[in-house]
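Colleague: The following block contains the structure, expressed as structure tokens.
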Amino acid sequence: TMANVARERMRTTKILQSVRKYCATHCISYSYTMQMKRYVEREHRRNELCNHMPLLQTLPEGMVRELFQEARGPTLHSHAFFKEVCSTDPSMELNLCSQAVTEFYLLAGDTVFDMTRKTQGMYFMASGVSIYFYWSSGTDQMTHRRSTRRNTTGSRFKGLMASSMSSAPPTRSRSKMAMAQTVLEAEEYIAEAALWVKAWRHQGHLQSMVESRALLLSTEDLFKVFQAYANVLAHAVVYARCFVQ
């Protein structure tokens, strides 16, 4: 509600005032003061982007499920397999979108995943742009759909490269590899192997370049939904075998 928005803005203002007062009292450097200010403003913006989700849960359950299907279904359809099974069984899609898909919002520079994080599932870009850094020997094949990109897109965000270096392979293997990058835009996806390959691990670092909305299709919850639909589960088994091969 508007009252909640006003309260959140007031809370952010008070935090900023407290930060400025503390920094002035303790002679904190200007650069660090500004760093704290940017952090508070950034978190306020993050809350603005996602504060509608709790309000949606106050709607009737059936209405929320249909709402999620309308909002998330088209993004899942960017993948041929999910487009086919969802079109075949709309009731399955209804459950998939509400039970197995998590919607989250990203600010520029947010890390979606890296090689140190536990694999949760497959990621779809619903809007915005993210960049994927990975170590490549020049012959590796990406597991998500590629599209033609402008070379200037990633060059504007060279600062993102430094934060991804923490996920580097051992020095011995790195000598024969190079850092590569792929840009993901709306209706593109990544980490599909997390759905079909047991104990699969992330092979790189995904970071948002601008404010974005992404979907996480949970491996565990996906198969909980599929188990209630024998035909869909059978198709998934066949697809998984083809994917692994």
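Ordered as shown in the structure tokens, chains take letters A, B, and onward, while each chain numbers its residues from 1 and ligands are numbered from 1 in the order shown.
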Would you mind listing what lies within 9 Å of segment 183-198 of chain A as a PyMOL selection string, with only C-alpha atoms counted and same-chain residues fewer than 4 positions away left out?
Modeller: chain A and resi 74-79+119-133+142-147+149+153-154+202-203+212-214+217-220+222+237+239-241+243-244
Colleague: If you run DSSP on the backbone here, which positions in chain A get helix (DSSP H, G or I)? Please write them as a PyMOL selection string.
Modeller: chain A and resi 2-25+30-50+52-56+61-76+80-88+90-99+152-155+159-167+171-174+193-196+219-226+230-244
Colleague: Could you pull out the residues in segment 6-217 of chain A that DSSP calls strand (DSSP E or B) from the backbone, as a ChimeraX atom specification?
Modeller: /A:101-106,111-113,121-127,130-136,178-184,189-190,204-208,212-217
Colleague: So what do you get for atom CA of Glu70 of chain A versus atom CA of Glu93 of chain A, distance-wise?
Modeller: 10.0 Å
Colleague: Hey, which of A:Ala199, A:Met209, A:Val85, A:Ala228 ends up closest to Thr182 of chain A? Count only C-alpha atoms.
Modeller: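 Closest to Thr182 of chain A of all the choices is A:Met209.
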Colleague: Contacts of Ile15 of chain A at 12 Å or less, counting only C-alpha atoms, minus same-chain residues fewer than 2 places along, as a list in words?
Modeller: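 Counting only C-alpha atoms, the residues come to Glu8, Arg9, Met10, Arg11, Thr12, Thr13, Gln17, Ser18, Val19, Arg20, Lys21, Tyr22, Met36, Lys37, Arg38, Tyr39, Val40, Glu41, Glu43 and His44 of chain A.
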